[in-house]
Every structure is written in structure tokens, then in C-alpha cells.
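Worksheet for the structure shown next.
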Amino acid sequence: MSSPEFFHHGDLVAVMSTQPLGRALDYKAPEGGCRMGAFVEVPLGPRKVLGVVWGPGKGDYDLAKIRHVIRVLDAAPMRDEMRSFLERAAAYTLTPMPAMLRLATRAPGLGDPPSMRKVYRRGTAEPNKMTDARRRVLETLDEYGDLSFTLKELADMAGVTASVVKGLVTQDAVREEESPRDVPFLQMDPERPSKALTEDQAAAAAVMDEGVRSGKYGTTLLRGVTGSGKTEVYLEAVAAALRAGRQALVLLPEIALTEQFLERVQERFGAKPAEWHSGATMTERRRIWRMVGQGQCQVVIGARSALFLPYQNLGLIVVDEEHDSSYKQEEGVLYNARDMAVLRAAICGAQVVLASATPSLESWANVEAGKYRRLDLTSRFGPAVMPEMGAIDMRAEGLKSDRWVSPTLQAEVNKRLERGEQAMLFINRRGYAPITLCRACGHQIGCDDCDARMVEHRFLKRLVCHQCGESKPMPEACPNCEAVGKLAPVGPGVERLGEEAAAIWPEARIATLSSDMYGSARALKAEIAGIAEGAADIVIGTQLVAKGHNFPNLTLVGVIDADLGLQGSDLRAAERTFQLMRQVAGRAGRAEAPGAALLQTYQPEHPVIRAILAGDEEGFWAAEAAERKQAGVPPYGRMAGIILSGPDVAAVFDAGNLLARQDGALRRIGAQVFGPAPAPIARVRGRHRVRLLVKAEKSAPLQEALAQWVAQLRLKGDLRLAVDIDPQSF
Ligand code: ADP
Ligand code: ZN
């Protein structure tokens with residue numbers, strides 16, 4: 001099936017808009033016509049909305065009533081490849097097309113008038129008709145010599161309307177140019193000298209090189225402990241893509257933390273790659289968006305949304321730390337960037353590299369099923385060895401209340417300090433204390449809008465809800481019994497641990513790293529770079545520090561509460577704890593100095609803790625896989641969550657129960673429905689949430705059945721429904 005590439009004035013075109021309509025609507029092509037995939041502005045009721053020309057119009061609507069496309073926006077049309085990616089991603093995640101389309105259009109400010117992105121300077125010709133207004137424009141430009149201005153600046157300075165300037169452009173008296181902010185990216189050079197790879201690194205790099213050169217789709221799981229050289233190897237895959245004239249995308253879970261990484265890329269290729277993340281300025285994002293589309297930006301390092309950039313010729317996608325749960329977007333469109341990367345690559349014939357020290361069970365299963373290739377890097381680079389792992393049995397430590405660093409751990413930290421090495425204390429909890437309790441009435445301060453406790457952040461002098469972000473000043477009196485001075489922190493957060501450490505080691509330089517303690521990503525990056533260079537003796541941190549930083553002088557990691565992730569009934573809890581603990585442990589002892597990791601635990605005999613201590617990865621995964629197979633859950637079965645939410649809890653449950661009873665479409669494919677039950681987060685921003693879980697065989701056509709099933713429910717009032725394919729917790 002081939003669609004025309006161009007539509008002439010008056011031809012019917014189907015335009016997909018970013019407004020929640022669900023399907024493309026017919027319009028008439030504007031004067032001058034429009035291309036397939038063009039970004040356009042169309043009328044919708046009284047409004048003008050952004051859309052994309054999605055194909056020929058259906059013509060199933062009264063022709064006289066069909067309106068014209070208002071204008072074609074000044075942006076390269078969306079490629080066929082991108083349209084099919086969005087369509088397939090929408091079908092997979094059961095997301096309405098407009099919401100999916102928004103992911104591909106929201107960042108670049110496409111709706112902006114083109115004048116925002118153009119600059120104007122003196123042209124070569126004189127206008128054939130001179131007016132006062134025109135003369136003022138030209139005089140203004142002459143006055144400033146070679147400087148250029150935006151349309152608004154120039155019009156304002158000359159005291160004319162924008163159309164006067166535009167008129168001069170048509171006569172070449174004023175030159176219109178792309179904004180100079182679109183400075184080109186420096187050329188990256190794959191032939192610069194790379195590090196001499198070890199034997200197994202070289203072997204892995206060769207396989208990837210061949211994959212990239214094949215120009216075909218393929219996925220490789222690149223597995224190796226932290227420090228084994230995974231980055232070194234996938235940079236060679238990036239080099240292969242560059243040589244083949246194709247673009248490369250490297251996805252990282254915590255984009256804020258990439259300064260070291262960017263420098264590495266620069267060192268390898270002689271130029272900085274584009275950096276795409278939520279902290280980037282709009283101008284920078286537009287620049288990347290356009291340059292990527294023109295193929296002039298060769299390498300993008302980005303957060304998950306970088307998957308939706310309009311690559312001209314994408315040949316490689318690297319998903320670093322592929323197991324990381326931050327790849328799963330949990331608001332708006334619920335998608336997992338790892339899976340979407342594979343889909344995107346399959347559509348455009350690119351290679352995918354999934355890199356991890358602790359791959360997800362999903363990826364293991366795909367290797368097992370023959371869908372992914374597996375490459376192992378078996379040793380750490382150089383003489384460094386895996387850290388020695390040990391447990392500290394907290395039952396025997398006799399800690400005083402409100403103390404979290406055991407005597408054993410203190411003694412170990414002391415040894416490192418004496419040797420001039422760094423130690424890290426890890427706790428996966430932001431803020432000062434997870435609970436604020438009234439010692440008079442027993443009340444725990446909770447969020448007004450969520451089913452969550454407020455967490456004290458002493459650094460910010462506020463109580464913060466980690467669910468919805470709501471915060472309020474720390475009250476003097478208990479909001480329940482009004483007793484004054486009775487509110488007390490309970491339990492440790494990273495800030496409180498920092499306080500304890502400062503009391504234990506008054507002489508040591510202590511750095512506490514938590515994302516909320518730094519005003520900007522830049523400040524955080526600077527802090528991390530400083531630590532790597534030795535600006536701290538003791539690093540205290542949350543999950544943030546577990547990811548991919550090199551602290552070469554760090555030789556000890558103490559995990560304050562290794563049991564934390566094991567609580568709760570989530571089937572993925574074991575996997576997550578195992579991955580996080582191994583990752584944190586991997587921070588210790590990179591280069592010459594061997595490292596140690598000590599886990600403080602109250603249950604040293606727990607199978608997950610034992611597997612972590614034994615470093616028995618294959619054994620752990622085999623046991624985990626057997627359990628999941630037995631239960632028929634991902635990756636050996638399929639699951640979906642349906643989240644219903646609304647302000648009235650009874651109405652939400654009624655809708656859930658109604659849906660649960662009408663499960664014919666699901667039963668036909670042998671799927672089961674569980675619930676409704678309160679969702680893992682039962683109330684967010686004042687909305688009550690219930691969840692139905694659907695479980696099906698791996699081969700069942702789950703999406704179609706789900707779509708039929710949820711379509712039966714008429715959403716009344718303020719009720720909302722979201723489908724979560726492959727939920728993170730089950
Ligand atoms: P991973 O990504 O698996 O954690 P890296 O690629 O970051 O591992 O390698 C860890 C450290 O070892 C880095 O500083 C890297 O530059 C260095 N390294 C890895 N392989 C080599 C090599 N073949 N030659 C020199 N240095 C290497
Ligand atoms: Zn809240």
C-alpha cells in the first residue's frame with residue numbers, strides 16, 4: 001500500500017492532531033499543497049491545533065463541511081518510519097494516537113511562529129518600491145552593520161509591523177536566515193585512537209561492529225560487571241555507526257549525571273554529542289530536534305524521550321543500565337523505553353545494545369528464547385577485582401535507637417579514612433526522615449491529597465510528599481492534637497544519615513548526594529566531579545550514586561538498610577534488591593584498590609541477601625525465573641494493569657467491579673482478571689485509584705482483547721482509565 005507523497009491544494013488529507021480525538025480527521029490541503037507527514041496547523045472547532053498529515057483523507061464526511069489546513073509549519077515532515085513507530089507503540093501500549101503523537105511533537109516548540117527561529121540581516125538588493133516603513137527597516141540594519149535580529153526585534157526597533165520586514169525579504173533587501181543558535185554540531189571522528197581493548201572486549205566489539213555494518217535490526221545484551229568495559233565496547237559500536245554514516249542514540253537512566261560520560265565520548269570522538277534531557281533549554285532542544293532531523297547531529301545522549309526525535313538515519317540505540325526502572329515512564333503515556341528502543345530499531349533496521357551488570361529478567365528471557373544475542377565481558381578491566389561482599393548482622397550490633405551506622409561498619413570506614421581512601425554510605429531514602437510522628441497523640445503526618453506520608457526534608461525546611469510533590473513548611477504543632485514541640489522524626493533518610501556521619505567523623509569531609517539537594521543538574525554534576533577528584537572522604541547517597549559514576553578512590557560501600565527493598569508483596573522486589581545491591585557494591589574498588597561492600601541486614605539468611613553475598617548471579621536468576629514461570633507472570637506470561645481513578649472512591653470501585661464482571665473478551669483469550677483492588681498508590685493528588693490486573697499466556701493476543709474489554713466501560717464524570725502494559729509491580 002503506497003500513499004501519495006504530496007497533496008495538492010484542495011486534496012483531502014487525514015490529519016492526526018495532538019488533541020484527544022482518537023483518530024485522524026479530514027481536511028483540505030492548503031494553497032501550495034502539503035507533503036505527507038507535514039506538520040500543519042488545522043482548525044478544530046474554534047481552535048487551531050497542531051497536527052501531522054497522516055495520509056489521504058477518507059472522504060466519509062460531508063465534503064462541503066471539510067475545512068482547509070490553515071498552514072504548513074516550517075519543519076521537516078515526519079518520516080514514514082516515525083509514523084509507523086508511533087502507530088505501533090500506540091497499539092502496543094494501548095495509548096490513544098494523539099497522546100503518542102505528543103511525545104514526538106511536544107519538545108521542539110513546533111507551534112512557535114517560524115519567526116522565532118529565523119534571524120534577519122541586510123540583503124544585497126534594494127526594494128523596487130521604497131516606503132517610509134521600509135526605509136526605517138533598512139536604515140536600522142545598516143546602522144548595525146553585520147548584526148542580525150529576530151523578526152520582533154527588528155520590527156520593534158524600526159517601528160514597523162512584521163509584514164514590512166517580510167515584504168523586504170521577498171525582494172532580497174533583507175535576508176532571512178536560520179537562527180545562528182543552530183550552530184552545527186562538531187563532526188565526530190570514529191578514527192581517533194581508541195583504548196587498546198582486552199581480548200574479550202575486542203571480541204564483543206567485533207560482533208557489534210558486524211551487527212551495525214549489516215544495516216539490519218538485531219538486539220544484543222551486553223553483560224558485564226561495573227568496570228568491565230561495557231561503555232568502552234559500546235562506544236566502538238557507536239564508532240561503527242559513524243563509519244557507516246548512521247546516527248547513534250545512547251539512552252541513560254539518569255541524564256543529570258552524564259558529565260563524566262560526555263567527556264568520555266568527547267575524548268573518544270573528538271567532539272561532544274548532543275545532550276537531550278528535561279533540563280535542556282528550549283533553544284537547545286529545537287536545535288537538536290532540527291539537526292537530528294537533517295542528519296547533522298550524529299550522536300545523541302539522552303533520556304528516554306530521545307527515542308522520539310526525528311532521526312534521519314538511526315543505526316544504533318544503546319540502552320545503558322537497561323534494567324533500570326526509570327526507563328519505565330509512569331505518568332501520561334506508560335511505556336518502557338527499553339522495549340520501545342527495540343521496536344524503533346526493528347522499524348528502521350538498527351542495532352540495539354542493552355548494557356547492564358544486572359540485566360532484567362525480561363532480557364535474560366529474550367536471550368533464552370533466542371531473540372537477543374548475549375555477549376559477556378567476564379572480568380573487570382585491569383587488576384581490579386569484584387568487591388568482597390559481606391553482611392553485618394544487625395541483630396548482634398546492639399545499636400542505640402536513632403543510630404544507623406553499626407560499630408562494625410564504623411570500624412571499616414575508619415580503616416579507609418586512615419588509608420586516605422573514600423567510603424560510601426548508601427541509603428535508598430531521600431529526605432531527613434520517612435516518618436514525622438507526634439509523640440503526644442501518635443499521629444503521623446500524611447499528604448492531604450495522597451495515600452502517602454509526608455517526608456521531612458530538613459535541608460529544604462519542609463515536609464514533602466514523594467508521591468505528588470506537594471510540600472508544606474514543617475509545622476510547629478501537631479495537625480491532629482495541636483500539641484507543640486512533640487513532632488519527632490522517625491527512621492533514617494539520607495540527610496539524617498549525613499548528620500549521624502558528621503557526628504561520628506567530625507574531621508572527615510562528608511558529601512551528601514541526593515537529587516533534591518542541588519538546585520540544578522549542573523550543580524549536581526559539579527559536585528559529583530569534585531568527589532571523583534577527591535573532594536570528599538565520605539560520600540552519603542541515595543540511588544542516585546548507584547548509577548555509573550567512577551569514584552576511583554572509593555574502596556568501601558556500606559549499605560545502611562539492605563532489607564529495605566525486600567518488604568512488600570511485589571513479585572519484582574527480589575529482582576530489584578538484587579540489582580540495586582550489586583550495583584551499589586560495584587561502586588567500590590574500580591581501578592587499583594580492591595573494594596569491599598558491607599550490607600547491614602536483620603535477615604542475613606534471606607535467600608536474596610544470600611545470593612547477593614555469594615555473587616551467584618546465574619543461580620539467583622535461575623531461581624527467580626523458576627518462580628515466575630510457576631506463577632505465569634512476566635517475562636513468562638503477560639500482564640497488564642488497568643488503573644481507574646476519580647475523586648469519588650465508591651464510583652471508582654463500582655466502575656472497577658463492573659469492568660471485572662464484563663470479562664468476556666478476556667476469557668476468550670484465556671486471560672484472568674484480578675481485582676479491583678486499591679492500586680499500589682491508592683490515592684494521588686486527591687484521586688482515588690483502583691487497579692485491575694490482567695494475566696494471560698505469553699502468546700495470547702492481549703492488546704486486542706484489552707482494547708475490546710475496556711471499550712465497554714463508559715467513563716462518566718471525572719472517572720479516568722489508564723492501561724499499563726507490563727506493569728512494574730505485580
Ligand atoms: P563499564 O561500562 O562496564 O562500567 P567502563 O567501560 O566504564 O566499564 O570501564 C571502566 C574503566 O576502565 C573506565 O575508566 C575505562 O576507561 C577503563 N577501561 C576499560 N577498558 C579499558 C581498556 N581496554 N583500556 C584502558 N582502559 C579501559
Ligand atoms: Zn501527595
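Each chain in the C-alpha cells gets a letter, A, B and so on, in the order shown; residues start at 1 in every chain, and ligands are counted from 1 in the order they appear.
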Handout entry: Non-local contacts of Asp11 in chain A (12 Å; only C-alpha atoms; under 3 positions in same chain excluded) as a PyMOL selection string
Key = chain A and resi 4+6-8+14+26-36+53+55-59+63+66-69
Practice task
Would you list, as an MDAnalysis selection string, the residues of range 417-579 of chain A that end up in strand (DSSP E or B) under DSSP run on this structure's backbone?
Solution key: chainID A and resid 422:426 433 435:438 444 446 453:457 462:465 471:473 477 484 487:490 510:513 538:541 554:559
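Residues lying within 8 Å of Val557 in chain A, counting only C-alpha atoms and ignoring same-chain neighbours fewer than 2 positions away, are Ala423, Met424, Leu425, Phe426, Leu554, Thr555, Val559, Val584, Ala585, Arg587, Ala588, Ala596, Ala597 and Leu598 of chain A.
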Please dump the current selection as a short mmCIF file (atom, residue, chain, number, x, y, z; two decimals), in the first residue's frame; keep C-alpha atoms.
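That gives us out.cif:
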data_model
loop_
_atom_site.label_atom_id
_atom_site.label_comp_id
_atom_site.auth_asym_id
_atom_site.auth_seq_id
_atom_site.Cartn_x
_atom_site.Cartn_y
_atom_site.Cartn_z
CA ALA A 423 33.97 5.31 51.72
CA MET A 424 30.32 5.48 50.75
CA LEU A 425 27.25 5.04 52.90
CA PHE A 426 24.20 4.15 50.87
CA LEU A 554 36.29 4.66 46.64
CA THR A 555 37.04 1.33 48.27
CA VAL A 559 24.61 -0.33 52.68
CA VAL A 584 25.93 -0.23 44.68
CA ALA A 585 28.57 -2.79 45.57
CA ARG A 587 30.93 1.28 43.08
CA ALA A 588 33.69 0.03 45.34
CA ALA A 596 34.54 -4.16 49.81
CA ALA A 597 30.80 -3.89 50.18
CA LEU A 598 29.07 -4.47 53.50
#
List as JSON lines every residue of chain A that is in contact with ligand 2, defined as an atom at most 6 Å from one of its atoms (using only C-alpha atoms and all ligand atoms), together with the nearest atom pair and the distance in Å rounded to one decimal, sorted by chain and then rising number.
{"residue": "A:Cys447", "atom": "CA", "partner": "ligand 2", "partner_atom_place_in_ligand_line": "1 (Zn)", "distance": 4.6}
{"residue": "A:Asp449", "atom": "CA", "partner": "ligand 2", "partner_atom_place_in_ligand_line": "1 (Zn)", "distance": 4.9}
{"residue": "A:Cys450", "atom": "CA", "partner": "ligand 2", "partner_atom_place_in_ligand_line": "1 (Zn)", "distance": 4.2}
{"residue": "A:Cys465", "atom": "CA", "partner": "ligand 2", "partner_atom_place_in_ligand_line": "1 (Zn)", "distance": 4.6}
{"residue": "A:Gln467", "atom": "CA", "partner": "ligand 2", "partner_atom_place_in_ligand_line": "1 (Zn)", "distance": 5.1}
{"residue": "A:Cys468", "atom": "CA", "partner": "ligand 2", "partner_atom_place_in_ligand_line": "1 (Zn)", "distance": 4.2}
{"residue": "A:Glu470", "atom": "CA", "partner": "ligand 2", "partner_atom_place_in_ligand_line": "1 (Zn)", "distance": 5.4}
{"residue": "A:Arg685", "atom": "CA", "partner": "ligand 2", "partner_atom_place_in_ligand_line": "1 (Zn)", "distance": 5.8}
Taking C-alpha atoms for each residue, export the selection above as a PDB file, in the first residue's frame.
ATOM      1  CA  CYS A 447      -0.229  14.141  52.456  1.00  0.00           C
ATOM      2  CA  ASP A 449      -4.080  14.504  48.619  1.00  0.00           C
ATOM      3  CA  CYS A 450      -2.263  11.192  48.528  1.00  0.00           C
ATOM      4  CA  CYS A 465       5.063  14.247  49.546  1.00  0.00           C
ATOM      5  CA  GLN A 467       4.057  10.965  45.514  1.00  0.00           C
ATOM      6  CA  CYS A 468       2.698  14.263  44.223  1.00  0.00           C
ATOM      7  CA  GLU A 470       3.253  18.745  47.359  1.00  0.00           C
ATOM      8  CA  ARG A 685      -3.489  14.276  44.039  1.00  0.00           C
TER       9      ARG A 685
END
With the cut-off set at 9 Å and counting only C-alpha atoms and all ligand atoms, tabulate each residue of chain A with an atom at most that distance from an atom of ligand 1, showing the nearest atom pair and its distance in Å to one decimal, ordered by chain and increasing number, as a Markdown table.
| residue | atom | partner | partner_atom_place_in_ligand_line | distance |
| --- | --- | --- | --- | --- |
| A:Ser194 | CA | ligand 1 | 24 (N) | 8.4 |
| A:Lys195 | CA | ligand 1 | 24 (N) | 4.8 |
| A:Ala196 | CA | ligand 1 | 23 (N) | 4.9 |
| A:Leu197 | CA | ligand 1 | 23 (N) | 3.6 |
| A:Thr198 | CA | ligand 1 | 23 (N) | 5.0 |
| A:Glu199 | CA | ligand 1 | 23 (N) | 8.6 |
| A:Gln201 | CA | ligand 1 | 23 (N) | 7.0 |
| A:Ala202 | CA | ligand 1 | 23 (N) | 8.3 |
| A:Arg223 | CA | ligand 1 | 3 (O) | 8.1 |
| A:Gly224 | CA | ligand 1 | 3 (O) | 5.9 |
| A:Val225 | CA | ligand 1 | 3 (O) | 5.8 |
| A:Thr226 | CA | ligand 1 | 4 (O) | 3.7 |
| A:Gly227 | CA | ligand 1 | 8 (O) | 3.6 |
| A:Ser228 | CA | ligand 1 | 3 (O) | 4.0 |
| A:Gly229 | CA | ligand 1 | 6 (O) | 3.1 |
| A:Lys230 | CA | ligand 1 | 3 (O) | 3.7 |
| A:Thr231 | CA | ligand 1 | 6 (O) | 3.6 |
| A:Glu232 | CA | ligand 1 | 6 (O) | 4.1 |
| A:Val233 | CA | ligand 1 | 6 (O) | 6.8 |
| A:Tyr234 | CA | ligand 1 | 6 (O) | 8.3 |
| A:Leu235 | CA | ligand 1 | 6 (O) | 8.7 |
| A:Phe261 | CA | ligand 1 | 7 (O) | 8.8 |
| A:Arg264 | CA | ligand 1 | 16 (O) | 7.9 |
| A:Asp320 | CA | ligand 1 | 2 (O) | 8.5 |
| A:Ala355 | CA | ligand 1 | 2 (O) | 8.0 |
| A:Ser356 | CA | ligand 1 | 3 (O) | 7.7 |
| A:Ala357 | CA | ligand 1 | 3 (O) | 7.2 |
| A:Leu377 | CA | ligand 1 | 3 (O) | 8.0 |
| A:Arg380 | CA | ligand 1 | 10 (C) | 7.5 |
| A:Phe381 | CA | ligand 1 | 19 (C) | 5.2 |
| A:Gly382 | CA | ligand 1 | 12 (O) | 7.4 |
| A:Gly548 | CA | ligand 1 | 4 (O) | 6.6 |
| A:His549 | CA | ligand 1 | 7 (O) | 8.5 |
| A:Asn550 | CA | ligand 1 | 14 (O) | 7.1 |
| A:Pro552 | CA | ligand 1 | 14 (O) | 8.5 |
| A:Gly586 | CA | ligand 1 | 4 (O) | 8.6 |
| A:Arg590 | CA | ligand 1 | 11 (C) | 7.2 |
| A:Ala591 | CA | ligand 1 | 12 (O) | 7.2 |
Take the residues just selected and output them with N, CA and C atoms as an mmCIF file, in the first residue's frame.
data_model
loop_
_atom_site.group_PDB
_atom_site.id
_atom_site.type_symbol
_atom_site.label_atom_id
_atom_site.label_comp_id
_atom_site.auth_asym_id
_atom_site.auth_seq_id
_atom_site.Cartn_x
_atom_site.Cartn_y
_atom_site.Cartn_z
ATOM 1 N N SER A 194 41.390 4.702 19.847
ATOM 2 C CA SER A 194 40.590 4.228 20.972
ATOM 3 C C SER A 194 41.527 3.506 21.932
ATOM 4 N N LYS A 195 40.997 3.135 23.076
ATOM 5 C CA LYS A 195 41.820 2.383 24.026
ATOM 6 C C LYS A 195 42.139 1.013 23.427
ATOM 7 N N ALA A 196 43.240 0.443 23.810
ATOM 8 C CA ALA A 196 43.545 -0.915 23.364
ATOM 9 C C ALA A 196 42.632 -1.867 24.122
ATOM 10 N N LEU A 197 41.745 -2.527 23.408
ATOM 11 C CA LEU A 197 40.751 -3.356 24.083
ATOM 12 C C LEU A 197 41.356 -4.670 24.533
ATOM 13 N N THR A 198 40.832 -5.192 25.624
ATOM 14 C CA THR A 198 41.249 -6.521 26.049
ATOM 15 C C THR A 198 40.641 -7.534 25.088
ATOM 16 N N GLU A 199 41.038 -8.777 25.256
ATOM 17 C CA GLU A 199 40.606 -9.795 24.305
ATOM 18 C C GLU A 199 39.085 -9.932 24.252
ATOM 19 N N GLN A 201 36.847 -7.804 25.342
ATOM 20 C CA GLN A 201 36.255 -6.545 24.870
ATOM 21 C C GLN A 201 36.322 -6.463 23.350
ATOM 22 N N ALA A 202 37.469 -6.816 22.813
ATOM 23 C CA ALA A 202 37.654 -6.732 21.359
ATOM 24 C C ALA A 202 36.707 -7.687 20.645
ATOM 25 N N ARG A 223 26.599 -7.855 28.717
ATOM 26 C CA ARG A 223 26.574 -8.049 30.146
ATOM 27 C C ARG A 223 27.989 -8.051 30.701
ATOM 28 N N GLY A 224 28.173 -7.403 31.826
ATOM 29 C CA GLY A 224 29.490 -7.412 32.447
ATOM 30 C C GLY A 224 29.428 -6.554 33.687
ATOM 31 N N VAL A 225 30.196 -6.917 34.687
ATOM 32 C CA VAL A 225 30.149 -6.163 35.933
ATOM 33 C C VAL A 225 30.589 -4.728 35.680
ATOM 34 N N THR A 226 30.250 -3.851 36.613
ATOM 35 C CA THR A 226 30.693 -2.468 36.530
ATOM 36 C C THR A 226 32.206 -2.451 36.426
ATOM 37 N N GLY A 227 32.722 -1.717 35.462
ATOM 38 C CA GLY A 227 34.169 -1.652 35.314
ATOM 39 C C GLY A 227 34.736 -2.665 34.343
ATOM 40 N N SER A 228 33.865 -3.481 33.743
ATOM 41 C CA SER A 228 34.380 -4.492 32.819
ATOM 42 C C SER A 228 34.615 -3.909 31.430
ATOM 43 N N GLY A 229 34.164 -2.686 31.219
ATOM 44 C CA GLY A 229 34.433 -2.060 29.925
ATOM 45 C C GLY A 229 33.249 -2.069 28.962
ATOM 46 N N LYS A 230 32.032 -2.206 29.483
ATOM 47 C CA LYS A 230 30.853 -2.184 28.607
ATOM 48 C C LYS A 230 30.786 -0.875 27.818
ATOM 49 N N THR A 231 31.044 0.223 28.522
ATOM 50 C CA THR A 231 30.971 1.516 27.848
ATOM 51 C C THR A 231 32.012 1.588 26.742
ATOM 52 N N GLU A 232 33.203 1.124 27.075
ATOM 53 C CA GLU A 232 34.286 1.118 26.092
ATOM 54 C C GLU A 232 33.841 0.356 24.845
ATOM 55 N N VAL A 233 33.180 -0.769 25.062
ATOM 56 C CA VAL A 233 32.771 -1.622 23.946
ATOM 57 C C VAL A 233 31.635 -0.980 23.140
ATOM 58 N N TYR A 234 30.643 -0.421 23.839
ATOM 59 C CA TYR A 234 29.555 0.119 23.014
ATOM 60 C C TYR A 234 29.939 1.416 22.330
ATOM 61 N N LEU A 235 30.960 2.093 22.849
ATOM 62 C CA LEU A 235 31.452 3.254 22.108
ATOM 63 C C LEU A 235 32.043 2.810 20.767
ATOM 64 N N PHE A 261 30.511 11.095 31.505
ATOM 65 C CA PHE A 261 30.235 10.317 30.310
ATOM 66 C C PHE A 261 30.442 11.142 29.044
ATOM 67 N N ARG A 264 33.926 11.436 28.219
ATOM 68 C CA ARG A 264 34.468 10.203 27.634
ATOM 69 C C ARG A 264 34.162 10.123 26.154
ATOM 70 N N ASP A 320 21.803 1.959 28.137
ATOM 71 C CA ASP A 320 22.743 1.648 29.211
ATOM 72 C C ASP A 320 21.966 1.420 30.505
ATOM 73 N N ALA A 355 22.941 -2.711 27.715
ATOM 74 C CA ALA A 355 24.112 -2.930 28.553
ATOM 75 C C ALA A 355 23.713 -2.948 30.015
ATOM 76 N N SER A 356 24.232 -3.896 30.759
ATOM 77 C CA SER A 356 23.926 -3.944 32.187
ATOM 78 C C SER A 356 24.851 -4.895 32.921
ATOM 79 N N ALA A 357 25.083 -4.582 34.180
ATOM 80 C CA ALA A 357 25.790 -5.526 35.043
ATOM 81 C C ALA A 357 24.782 -6.511 35.614
ATOM 82 N N LEU A 377 31.197 -9.745 29.161
ATOM 83 C CA LEU A 377 32.558 -9.311 29.492
ATOM 84 C C LEU A 377 32.829 -9.912 30.859
ATOM 85 N N ARG A 380 36.725 -7.550 35.303
ATOM 86 C CA ARG A 380 36.931 -6.120 35.396
ATOM 87 C C ARG A 380 38.178 -5.763 34.650
ATOM 88 N N PHE A 381 38.199 -4.547 34.147
ATOM 89 C CA PHE A 381 39.378 -4.124 33.417
ATOM 90 C C PHE A 381 40.549 -3.984 34.373
ATOM 91 N N GLY A 382 41.691 -4.431 33.936
ATOM 92 C CA GLY A 382 42.888 -4.266 34.747
ATOM 93 C C GLY A 382 42.882 -5.190 35.949
ATOM 94 N N GLY A 548 26.502 4.359 37.610
ATOM 95 C CA GLY A 548 27.518 4.726 36.647
ATOM 96 C C GLY A 548 28.502 5.852 36.916
ATOM 97 N N HIS A 549 28.825 6.174 38.151
ATOM 98 C CA HIS A 549 29.912 7.141 38.317
ATOM 99 C C HIS A 549 31.181 6.422 38.660
ATOM 100 N N ASN A 550 32.264 7.006 38.223
ATOM 101 C CA ASN A 550 33.555 6.471 38.620
ATOM 102 C C ASN A 550 34.087 7.300 39.767
ATOM 103 N N PRO A 552 37.219 6.814 41.599
ATOM 104 C CA PRO A 552 38.347 5.879 41.545
ATOM 105 C C PRO A 552 38.941 5.543 42.908
ATOM 106 N N GLY A 586 29.142 -2.504 43.245
ATOM 107 C CA GLY A 586 30.048 -2.292 42.113
ATOM 108 C C GLY A 586 30.747 -0.946 42.131
ATOM 109 N N ARG A 590 37.411 0.355 41.926
ATOM 110 C CA ARG A 590 37.434 0.235 40.479
ATOM 111 C C ARG A 590 38.835 0.021 39.940
ATOM 112 N N ALA A 591 39.683 0.970 40.174
ATOM 113 C CA ALA A 591 40.965 0.902 39.489
ATOM 114 C C ALA A 591 41.941 -0.040 40.198
#
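Minimum distance to Pro184 in chain A across A:Ala271, A:Ala396, A:Ala483, A:Ala677 (counting only C-alpha atoms) occurs at A:Ala271.
In this structure, CA of Phe551 in chain A sits 29.1 Å away from CA of Ala206 in chain A.
Here CA of Phe459 in chain A is placed at a distance of 10.0 Å from CA of Arg496 in chain A.
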Practice task
Could you please write out, as a PyMOL selection string, every residue of range 368-548 of chain A that DSSP assigns to helix (DSSP H, G or I)?
Solution key: chain A and resi 368+394-396+407-418+494-504+515-517+521-532+543-546
Exercise for the section: Tell me which protein, DNA and RNA residues are within 12 Å of Gly349 in chain A, counting only C-alpha atoms, leaving out same-chain ones fewer than 6 positions away, and put them as number ranges by chain. Expected result: A: 81, 211-219, 246-247, 313-317, 341-343
Problem - All residues 9 Å or closer to Met157 in chain A, only C-alpha atoms, same chain fewer than 6 positions away omitted, as a list in words - result: Arg136, Val137 and Thr140 of chain A
Resulting file, chosen residues, N, CA and C atoms, as a CSV table (one decimal), in the first residue's frame:
chain,number,residue,atom,x,y,z
A,136,ARG,N,13.0,52.8,7.1
A,136,ARG,CA,13.4,52.6,8.5
A,136,ARG,C,14.0,51.3,8.8
A,137,VAL,N,13.4,50.3,8.3
A,137,VAL,CA,14.0,48.9,8.5
A,137,VAL,C,15.4,48.8,7.9
A,140,THR,N,17.9,50.9,9.9
A,140,THR,CA,18.2,50.2,11.2
A,140,THR,C,19.3,49.1,11.0
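For the pair CA of Leu334 in chain A and CA of Cys348 in chain A, the separation is 22.5 Å.
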Exercise for the section: Write out as number ranges by chain each polymer residue whose atoms come within 8 Å of Val490 in chain A, counting only C-alpha atoms; drop sequence neighbours fewer than 3 positions from it. Expected result: A: 402, 433-437
Same residues, C-alpha atoms, saved as a PDB file, in the first residue's frame:
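And here is the file that came out, again-v2.pdb:
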ATOM      1  CA  ASP A 402      18.100   6.609  66.179  1.00  0.00           C
ATOM      2  CA  ALA A 433      13.223  11.046  57.968  1.00  0.00           C
ATOM      3  CA  PRO A 434      10.488   8.989  56.299  1.00  0.00           C
ATOM      4  CA  ILE A 435       8.013   9.477  59.133  1.00  0.00           C
ATOM      5  CA  THR A 436       7.088  12.503  61.210  1.00  0.00           C
ATOM      6  CA  LEU A 437       5.340  11.308  64.335  1.00  0.00           C
TER       7      LEU A 437
END
